[in-house]
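*Asks:* Here you go, this is upload_18.csv (CSV, C-alpha atoms).
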chain,number,residue,atom,x,y,z
A,1,MET,CA,26.8,-21.8,-35.0
A,2,ARG,CA,27.1,-18.0,-34.9
A,3,ALA,CA,24.5,-15.7,-33.5
A,4,THR,CA,24.2,-12.0,-32.8
A,5,VAL,CA,22.4,-10.9,-29.8
A,6,LEU,CA,21.0,-7.3,-29.7
A,7,VAL,CA,20.2,-6.0,-26.2
A,8,ARG,CA,18.2,-2.8,-25.9
A,9,PRO,CA,16.9,-0.7,-23.1
A,10,LYS,CA,13.2,-1.7,-22.9
A,11,ALA,CA,10.7,0.5,-24.7
A,12,GLY,CA,9.5,3.3,-22.4
A,13,ILE,CA,12.6,3.2,-20.2
A,14,ARG,CA,14.5,6.4,-20.2
A,15,ASP,CA,17.8,6.0,-22.0
A,16,PRO,CA,20.2,8.9,-21.1
A,17,GLN,CA,22.9,7.5,-23.4
A,18,GLY,CA,20.5,7.5,-26.3
A,19,GLN,CA,19.4,11.1,-25.4
A,20,ALA,CA,23.0,12.3,-25.4
A,21,VAL,CA,23.6,10.7,-28.8
A,22,GLU,CA,20.3,12.1,-30.2
A,23,SER,CA,21.2,15.6,-29.1
A,24,SER,CA,24.8,15.3,-30.5
A,25,LEU,CA,23.4,14.1,-33.8
A,26,ARG,CA,21.0,17.1,-33.9
A,27,HIS,CA,23.9,19.4,-33.2
A,28,LEU,CA,25.6,18.0,-36.3
A,29,GLY,CA,22.5,18.9,-38.3
A,30,PHE,CA,20.9,15.5,-38.6
A,31,PRO,CA,17.1,15.6,-38.4
A,32,VAL,CA,17.0,12.9,-35.6
A,33,SER,CA,13.9,12.5,-33.5
A,34,GLU,CA,15.2,9.6,-31.3
A,35,ALA,CA,18.3,7.5,-30.7
A,36,ARG,CA,18.5,4.6,-28.3
A,37,VAL,CA,21.8,2.9,-27.3
A,38,GLY,CA,22.0,-0.8,-26.8
A,39,ARG,CA,24.6,-3.6,-26.9
A,40,LEU,CA,25.6,-6.2,-29.5
A,41,ILE,CA,27.0,-9.5,-28.5
A,42,ASP,CA,28.4,-12.1,-31.1
A,43,VAL,CA,28.3,-15.6,-29.8
A,44,ASP,CA,29.6,-18.9,-31.3
A,45,VAL,CA,27.7,-21.8,-29.8
A,46,ASP,CA,28.0,-25.5,-30.3
A,47,ALA,CA,24.5,-26.7,-31.2
A,48,PRO,CA,23.2,-29.5,-33.5
A,49,THR,CA,20.3,-27.5,-34.8
A,50,SER,CA,19.4,-23.8,-35.1
A,51,ALA,CA,16.4,-24.4,-32.8
A,52,ASP,CA,18.7,-25.8,-30.2
A,53,ALA,CA,21.1,-22.8,-30.7
A,54,ARG,CA,18.3,-20.4,-30.3
A,55,ALA,CA,17.0,-22.1,-27.1
A,56,GLN,CA,20.5,-22.0,-25.6
A,57,ILE,CA,21.0,-18.4,-26.4
A,58,GLU,CA,17.6,-17.5,-25.0
A,59,ARG,CA,18.8,-19.1,-21.7
A,60,MET,CA,22.0,-17.0,-21.9
A,61,CYS,CA,20.0,-13.9,-22.4
A,62,GLU,CA,17.6,-14.6,-19.5
A,63,SER,CA,20.4,-15.5,-17.1
A,64,LEU,CA,23.3,-13.1,-18.1
A,65,LEU,CA,23.3,-11.2,-21.3
A,66,ALA,CA,20.2,-9.1,-20.6
A,67,ASN,CA,18.6,-7.9,-17.4
A,68,PRO,CA,14.9,-8.7,-18.2
A,69,LEU,CA,13.7,-5.9,-15.8
A,70,ILE,CA,15.2,-3.2,-17.9
A,71,GLU,CA,16.4,-4.7,-21.2
A,72,SER,CA,14.8,-6.5,-24.2
A,73,TYR,CA,16.8,-8.8,-26.5
A,74,GLU,CA,16.7,-10.1,-30.0
A,75,ILE,CA,18.5,-13.1,-31.4
A,76,GLU,CA,19.7,-13.3,-35.0
A,77,LEU,CA,21.1,-16.6,-36.1
A,78,ASP,CA,23.6,-16.6,-39.0
A,79,GLY,CA,22.9,-19.2,-41.6
B,1,MET,CA,35.4,-11.1,33.6
B,2,ALA,CA,34.5,-13.2,30.6
B,3,GLU,CA,36.2,-12.3,27.4
B,4,VAL,CA,33.8,-10.5,25.0
B,5,THR,CA,34.1,-12.0,21.5
B,6,LYS,CA,33.8,-9.4,18.7
B,7,PRO,CA,31.1,-10.1,16.2
B,8,ARG,CA,32.6,-11.5,13.0
B,9,VAL,CA,31.5,-9.8,9.7
B,10,GLY,CA,32.4,-11.3,6.4
B,11,ILE,CA,33.4,-8.9,3.6
B,12,LEU,CA,33.3,-10.3,0.1
B,13,VAL,CA,36.3,-9.4,-2.1
B,14,PHE,CA,35.8,-9.6,-5.8
B,15,PRO,CA,38.4,-8.8,-8.4
B,16,GLY,CA,37.8,-5.0,-8.7
B,17,SER,CA,36.4,-4.4,-5.3
B,18,ASN,CA,38.0,-1.3,-3.9
B,19,ASP,CA,36.1,-0.3,-0.7
B,20,ASP,CA,36.6,-3.7,1.0
B,21,ARG,CA,39.4,-2.4,3.2
B,22,ASP,CA,37.5,0.8,4.0
B,23,ALA,CA,34.6,-1.4,5.1
B,24,ALA,CA,37.0,-3.5,7.2
B,25,TRP,CA,38.5,-0.4,8.8
B,26,ALA,CA,35.0,1.1,9.6
B,27,LEU,CA,33.7,-2.2,11.0
B,28,THR,CA,36.8,-2.6,13.2
B,29,ALA,CA,36.3,0.9,14.5
B,30,LEU,CA,32.7,-0.1,15.4
B,31,GLY,CA,33.9,-3.1,17.4
B,32,ALA,CA,33.5,-5.9,14.8
B,33,ASP,CA,36.0,-8.4,13.6
B,34,PRO,CA,36.0,-8.2,9.8
B,35,VAL,CA,36.9,-11.4,7.8
B,36,MET,CA,37.8,-11.0,4.2
B,37,VAL,CA,36.1,-13.6,1.9
B,38,TRP,CA,37.6,-14.1,-1.6
B,39,HIS,CA,34.9,-14.4,-4.2
B,40,ALA,CA,36.1,-17.9,-5.3
B,41,GLU,CA,35.4,-19.4,-1.8
B,42,PRO,CA,32.5,-21.8,-2.1
B,43,GLN,CA,31.6,-21.3,1.6
B,44,LEU,CA,31.4,-18.5,4.1
B,45,PRO,CA,33.4,-18.7,7.2
B,46,GLU,CA,31.5,-18.5,10.5
B,47,VAL,CA,30.2,-14.9,10.4
B,48,GLY,CA,27.2,-13.1,11.9
B,49,ALA,CA,26.7,-10.8,8.9
B,50,VAL,CA,28.0,-10.2,5.4
B,51,VAL,CA,29.0,-7.0,3.6
B,52,LEU,CA,29.3,-6.7,-0.2
B,53,PRO,CA,31.6,-3.7,-0.6
B,54,GLY,CA,31.8,-1.0,-3.3
B,55,GLY,CA,34.1,-1.1,-6.3
B,56,PHE,CA,34.0,-2.3,-9.8
B,57,SER,CA,33.7,-6.1,-9.5
B,58,TYR,CA,34.9,-7.8,-12.7
B,59,GLY,CA,35.5,-4.4,-14.3
B,60,ASP,CA,31.7,-3.7,-14.4
B,61,TYR,CA,31.7,-5.7,-17.6
B,62,LEU,CA,28.4,-6.3,-19.3
B,63,ARG,CA,26.4,-4.6,-16.5
B,64,CYS,CA,27.5,-3.6,-13.0
B,65,GLY,CA,27.2,-6.6,-10.7
B,66,ALA,CA,26.1,-9.0,-13.6
B,67,ILE,CA,29.2,-11.2,-13.4
B,68,ALA,CA,29.9,-11.0,-9.7
B,69,ARG,CA,26.5,-12.6,-9.1
B,70,PHE,CA,27.9,-15.9,-10.4
B,71,ALA,CA,30.9,-16.0,-8.0
B,72,PRO,CA,30.9,-19.2,-5.8
B,73,ALA,CA,30.8,-17.0,-2.7
B,74,MET,CA,27.6,-15.4,-3.9
B,75,ARG,CA,25.9,-18.8,-3.8
B,76,ALA,CA,26.9,-19.0,-0.1
B,77,VAL,CA,25.7,-15.5,0.5
B,78,ALA,CA,22.3,-16.4,-1.1
B,79,GLU,CA,22.0,-19.3,1.3
B,80,PHE,CA,23.1,-17.2,4.3
B,81,ALA,CA,20.4,-14.6,3.3
B,82,ALA,CA,17.7,-17.2,2.9
B,83,ALA,CA,18.5,-18.4,6.4
B,84,GLY,CA,17.8,-14.9,7.7
B,85,GLY,CA,21.5,-13.7,7.9
B,86,PRO,CA,22.0,-10.0,7.7
B,87,VAL,CA,23.5,-8.9,4.4
B,88,LEU,CA,24.4,-5.3,3.4
B,89,GLY,CA,25.4,-4.3,-0.1
B,90,ILE,CA,27.1,-0.9,-0.6
B,91,CYS,CA,27.2,0.7,-4.0
B,92,ASN,CA,28.6,-2.1,-6.3
B,93,GLY,CA,27.4,-4.5,-3.6
B,94,PHE,CA,23.9,-3.1,-4.0
B,95,GLN,CA,24.2,-3.6,-7.8
B,96,ILE,CA,25.3,-7.2,-7.2
B,97,LEU,CA,22.4,-7.9,-4.9
B,98,CYS,CA,19.9,-6.6,-7.4
B,99,GLU,CA,21.5,-8.6,-10.3
B,100,ALA,CA,21.4,-11.7,-8.0
B,101,GLY,CA,17.7,-11.2,-7.3
B,102,LEU,CA,18.3,-10.8,-3.6
B,103,LEU,CA,17.0,-7.3,-3.8
B,104,PRO,CA,14.4,-5.9,-6.1
B,105,GLY,CA,15.0,-3.4,-9.0
B,106,ALA,CA,18.0,-2.5,-11.0
B,107,LEU,CA,20.7,0.2,-11.0
B,108,ARG,CA,21.3,2.0,-14.3
B,109,ALA,CA,23.5,4.8,-15.5
B,110,ASN,CA,23.0,8.1,-13.7
B,111,GLU,CA,20.5,10.3,-15.6
B,112,SER,CA,23.2,12.9,-16.0
B,113,LEU,CA,25.6,10.3,-17.5
B,114,SER,CA,28.2,11.8,-15.2
B,115,PHE,CA,30.0,10.1,-12.3
B,116,VAL,CA,28.8,11.7,-9.1
B,117,CYS,CA,31.1,12.1,-6.1
B,118,GLU,CA,29.6,14.2,-3.3
B,119,ASP,CA,28.1,14.1,0.2
B,120,VAL,CA,24.3,13.6,0.0
B,121,GLU,CA,21.6,13.7,2.7
B,122,VAL,CA,19.4,10.7,3.0
B,123,ARG,CA,16.2,10.3,5.0
B,124,VAL,CA,15.7,7.1,7.0
B,125,GLU,CA,12.3,5.6,6.1
B,126,ARG,CA,12.4,2.4,8.3
B,127,ASP,CA,13.8,1.8,11.7
B,128,ASP,CA,12.2,-1.6,12.4
B,129,ILE,CA,14.7,-3.7,10.5
B,130,PRO,CA,17.9,-4.9,12.2
B,131,LEU,CA,20.2,-3.0,9.9
B,132,LEU,CA,18.5,0.3,10.6
B,133,ALA,CA,17.8,-0.3,14.3
B,134,ARG,CA,20.3,2.4,15.4
B,135,CYS,CA,18.4,5.0,13.3
B,136,SER,CA,15.0,6.6,13.7
B,137,VAL,CA,12.5,7.2,11.0
B,138,GLY,CA,13.0,10.8,9.7
B,139,ASP,CA,16.7,10.9,10.6
B,140,ARG,CA,18.7,12.7,8.0
B,141,LEU,CA,22.1,11.2,7.5
B,142,VAL,CA,25.0,12.8,5.6
B,143,VAL,CA,26.8,10.1,3.6
B,144,PRO,CA,28.9,10.3,0.5
B,145,VAL,CA,28.0,8.8,-2.9
B,146,LYS,CA,30.5,8.0,-5.7
B,147,HIS,CA,29.0,6.2,-8.6
B,148,GLY,CA,28.2,6.3,-12.3
B,149,GLU,CA,25.4,3.7,-12.2
B,150,GLY,CA,23.3,4.5,-9.2
B,151,CYS,CA,19.9,5.3,-10.8
B,152,PHE,CA,17.5,3.0,-9.1
B,153,PHE,CA,14.8,1.7,-11.5
B,154,ALA,CA,11.8,-0.5,-10.9
B,155,PRO,CA,8.8,-0.7,-13.2
B,156,PRO,CA,5.7,1.2,-11.8
B,157,GLU,CA,4.0,-1.9,-10.5
B,158,LEU,CA,7.1,-3.1,-8.6
B,159,LEU,CA,7.8,0.4,-7.3
B,160,ALA,CA,4.2,0.5,-5.9
B,161,GLU,CA,4.8,-2.8,-4.3
B,162,LEU,CA,8.0,-1.6,-2.7
B,163,GLU,CA,6.3,1.5,-1.3
B,164,ALA,CA,3.4,-0.7,0.0
B,165,GLU,CA,5.7,-3.2,1.6
B,166,GLY,CA,8.0,-0.5,3.1
B,167,GLN,CA,11.0,-1.8,1.2
B,168,ILE,CA,12.3,1.7,0.4
B,169,VAL,CA,14.4,2.3,3.5
B,170,LEU,CA,16.5,5.3,2.5
B,171,ARG,CA,15.7,8.2,0.2
B,172,TYR,CA,17.6,11.2,-1.0
B,173,LEU,CA,16.1,14.4,0.3
B,174,GLU,CA,13.7,15.9,-2.2
B,175,GLY,CA,15.5,18.0,-4.8
B,176,THR,CA,18.9,16.5,-4.0
B,177,ASN,CA,18.6,13.2,-5.9
B,178,PRO,CA,22.1,12.8,-7.4
B,179,ASN,CA,21.4,10.2,-10.0
B,180,GLY,CA,17.7,10.3,-11.1
B,181,SER,CA,16.6,7.3,-9.0
B,182,ALA,CA,12.9,6.5,-9.1
B,183,ALA,CA,11.1,7.8,-6.0
B,184,ASP,CA,14.4,9.2,-4.8
B,185,VAL,CA,15.4,5.7,-3.7
B,186,ALA,CA,18.9,5.6,-2.0
B,187,GLY,CA,18.4,2.2,-0.4
B,188,VAL,CA,16.0,-0.8,-0.4
B,189,CYS,CA,15.6,-4.0,1.6
B,190,ASN,CA,14.1,-7.4,0.8
B,191,ARG,CA,10.7,-8.5,2.0
B,192,THR,CA,12.0,-10.0,5.2
B,193,GLY,CA,14.2,-7.0,6.0
B,194,ASN,CA,17.5,-8.9,6.5
B,195,VAL,CA,19.1,-7.9,3.1
B,196,MET,CA,19.6,-4.2,2.4
B,197,GLY,CA,21.4,-2.3,-0.3
B,198,LEU,CA,22.3,1.4,-0.6
B,199,MET,CA,24.3,3.5,-3.0
B,200,PRO,CA,25.8,5.9,-0.4
B,201,HIS,CA,28.9,4.7,1.4
B,202,PRO,CA,28.5,4.6,5.2
B,203,GLU,CA,32.0,3.2,5.5
B,204,HIS,CA,33.4,6.5,4.3
B,205,ALA,CA,31.5,8.4,7.0
B,206,VAL,CA,32.2,6.9,10.4
B,207,ASP,CA,34.3,9.7,11.8
B,208,PRO,CA,33.6,13.4,11.9
B,209,LEU,CA,37.2,13.8,10.6
B,210,LEU,CA,36.0,12.4,7.3
B,211,GLY,CA,33.3,15.0,7.1
B,212,SER,CA,30.5,13.0,8.7
B,213,GLY,CA,30.1,10.3,11.3
B,214,ASP,CA,26.5,9.4,10.2
B,215,GLY,CA,27.6,6.2,8.4
B,216,ALA,CA,28.4,4.7,11.7
B,217,LEU,CA,24.7,4.6,12.6
B,218,LEU,CA,24.1,2.5,9.5
B,219,LEU,CA,27.0,0.1,10.1
B,220,ALA,CA,26.5,-0.2,13.8
B,221,GLY,CA,23.1,-1.8,13.1
B,222,LEU,CA,24.9,-4.4,11.0
B,223,VAL,CA,27.4,-5.0,13.8
B,224,ASP,CA,24.6,-5.4,16.3
B,225,ALA,CA,22.8,-7.8,14.0
B,226,ALA,CA,26.1,-9.8,13.6
B,227,ARG,CA,26.5,-9.9,17.4
B,228,GLU,CA,22.9,-11.2,17.9
B,229,GLY,CA,23.3,-13.7,15.1
B,230,SER,CA,26.5,-15.1,16.6
B,231,LEU,CA,24.8,-15.3,20.1
B,232,ALA,CA,21.9,-17.1,18.6
B,233,THR,CA,24.2,-19.6,16.9
B,234,ALA,CA,26.2,-20.0,20.1
B,235,SER,CA,23.2,-20.6,22.4
Since I need it in another form, could you write the structure as structure tokens?
*Replies:*
Amino acid sequence: MRATVLVRPKAGIRDPQGQAVESSLRHLGFPVSEARVGRLIDVDVDAPTSADARAQIERMCESLLANPLIESYEIELDG
Amino acid sequence: MAEVTKPRVGILVFPGSNDDRDAAWALTALGADPVMVWHAEPQLPEVGAVVLPGGFSYGDYLRCGAIARFAPAMRAVAEFAAAGGPVLGICNGFQILCEAGLLPGALRANESLSFVCEDVEVRVERDDIPLLARCSVGDRLVVPVKHGEGCFFAPPELLAELEAEGQIVLRYLEGTNPNGSAADVAGVCNRTGNVMGLMPHPEHAVDPLLGSGDGALLLAGLVDAAREGSLATAS
């Protein structure tokens, strides 16, 4: 089963990368008020059910894919 | 006269470590016997202290230190630390210790987004832990930093706890913070004071010829602790 994991800097945590992107977009003339930069990870996982896949990926996020102190994550299962 | 055995200090070597030999050179200069420990080793050799050196372990993939934390040798380091063994993480080593949960907080991209490479001045905030026993509170040490991800972060409640518990052991002098670290944190220790991490590189500052000898004060504490640890094991 394929899943996409979105990892973002937690709300309220300063994101200097996002700020740099935001200011560049403004320089280009886009009316941007905020940009945040995160990470996207596609994972193929062997799992009998989507509930099982989600549980496995949550464990992956907690132990490796995200640092819970500074990042939040969101799991999107395909199909 | 009885032969004096040099205290053995283990230096972890990950793929991508690049200050491991500098650490070995500095520790040798300070009278220790450094032992390189490859990351895949499941056990530590007999050592009185451990150093996690600077560099870019596993290419800094995902997050700095995130992959290194799963190295077999890190399990051995966690056991060594839990038994009270002195552990020092420098730069990438500090990042690894945070990712491994052996030290509190996290290290993020510098606020400026630029790599910083310069001498900084840090203030010693504790001198009652073994690794800082050669320093005195208030000492100002000149030590170089060179990192892109050295911005220490802890949520407000954790930061308050670290302040209250005296776990912030080194701070950049006010107005000289090179990376945007919360509370000017340059180094922290764990609750029990035997594990410490810092972004500046003491191993690059052990001889005035290199611009500063102040790093020797930091590493000599580790060598002392390694010597005492070995004596305790021997007796």
*Asks:* Distance atom CA of A:Leu64-atom CA of A:Asp15, one decimal place?
*Replies:*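 A separation of 20.3 Å between them.
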*Asks:* Quick one: which residues from chain A are at most 12 Å off chain B, using all atoms listed in the file, as a list in words?
*Replies:* Val7, Pro9, Lys10, Ala11, Gly12, Ile13, Arg14, Asp15, Pro16, Gln17, Gly18, Gln19, Ala20, Val21, Gly38, Arg39, Leu40, Ile41, Cys61, Glu62, Ser63, Leu64, Leu65, Ala66, Asn67, Pro68, Leu69, Ile70 and Glu71 of chain A
*Asks:* For a test of reading the model, state the distance in Å between atom CA of B:Ala216 and atom CA of B:Arg75, rounded to one decimal.
*Replies:*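 Atom CA of B:Ala216 sits 28.3 Å away from atom CA of B:Arg75.
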*Asks:* With a distance cut-off of 9 Å and only C-alpha atoms, select the neighbouring residues of B:Val142, excluding the residue or stretch itself and same-chain residues fewer than 5 positions from it, and output the selection as a list in words.
*Replies:* Asp119, Val120, Glu121, Val122, Pro202, Ala205, Gly211, Ser212, Gly213, Asp214 and Gly215 of chain B
*Asks:* When you look at stretch 221-231 of chain B with a cut-off of 8 Å (counting all atoms listed in the file), what residues show up, excluding the ones that are within fewer than 3 positions of it in the same chain? I need them as a list in words.
*Replies:*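 Everything that qualifies: Lys6, Pro7, Arg8, Val9, Leu27, Leu30, Gly31, Ala32, Val47, Gly48, Ala49, Gly85, Pro86, Leu88, Pro130, Leu131, Leu132, Ala133, Arg134, Leu217, Leu218, Ala234 and Ser235 of chain B.
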*Asks:* Give me, please, the distance in Å between atom CA of A:Met1 and atom CA of B:Asp60, quoted to one decimal.
*Replies:*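 Rounded to one decimal, the two atoms are 27.9 Å apart.
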*Asks:* Show me the residues around (23.9, -9.7, -31.4) - criterion: an atom at most 9 Å away, all atoms listed in the file counted - as a list in words.
*Replies:*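 Every polymer residue passing the test: Ala3, Thr4, Val5, Leu6, Val7, Arg39, Leu40, Ile41, Asp42, Val43, Tyr73, Glu74, Ile75, Glu76 and Leu77 of chain A.
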*Asks:* Counting only C-alpha atoms, what is within 12 Å of B:Asn92, bar same-chain residues fewer than 5 positions away, as a ChimeraX atom specification?
*Replies:* /B:12-14,16-20,51-60,63-69,97-99,106-108,145-150,197-201
*Asks:* Of the candidates B:Val185, B:Val37, B:Ala83, B:Cys135, which one gets nearest to B:Leu159 if we count all atoms listed in the file?
*Replies:*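 For B:Leu159, the nearest of the candidates is B:Val185.
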*Asks:* Can you list, as a VMD selection string, every protein, DNA or RNA residue that comes within 8 Å of stretch 22-24 of chain B when you count all atoms listed in the file, leaving out same-chain residues fewer than 5 positions away?
*Replies:* chain B and resid 11 34 to 35 53 203 to 204
*Asks:* With all atoms listed in the file as the counted atoms, please give the residues lying no more than 10 Å from A:Ala47, apart from itself and same-chain residues fewer than 4 positions off, as a list in words.
*Replies:*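 Near neighbours after the sequence-gap exclusion: Met1, Arg2, Ala51, Asp52, Ala53, Arg54, Ala55 and Gln56 of chain A.
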*Asks:* For the residues in the current selection, export C-alpha atoms as a CSV table (one decimal), keeping the file's coordinate frame.
*Replies:*
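The resulting out_31.csv:
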chain,number,residue,atom,x,y,z
A,1,MET,CA,26.8,-21.8,-35.0
A,2,ARG,CA,27.1,-18.0,-34.9
A,51,ALA,CA,16.4,-24.4,-32.8
A,52,ASP,CA,18.7,-25.8,-30.2
A,53,ALA,CA,21.1,-22.8,-30.7
A,54,ARG,CA,18.3,-20.4,-30.3
A,55,ALA,CA,17.0,-22.1,-27.1
A,56,GLN,CA,20.5,-22.0,-25.6
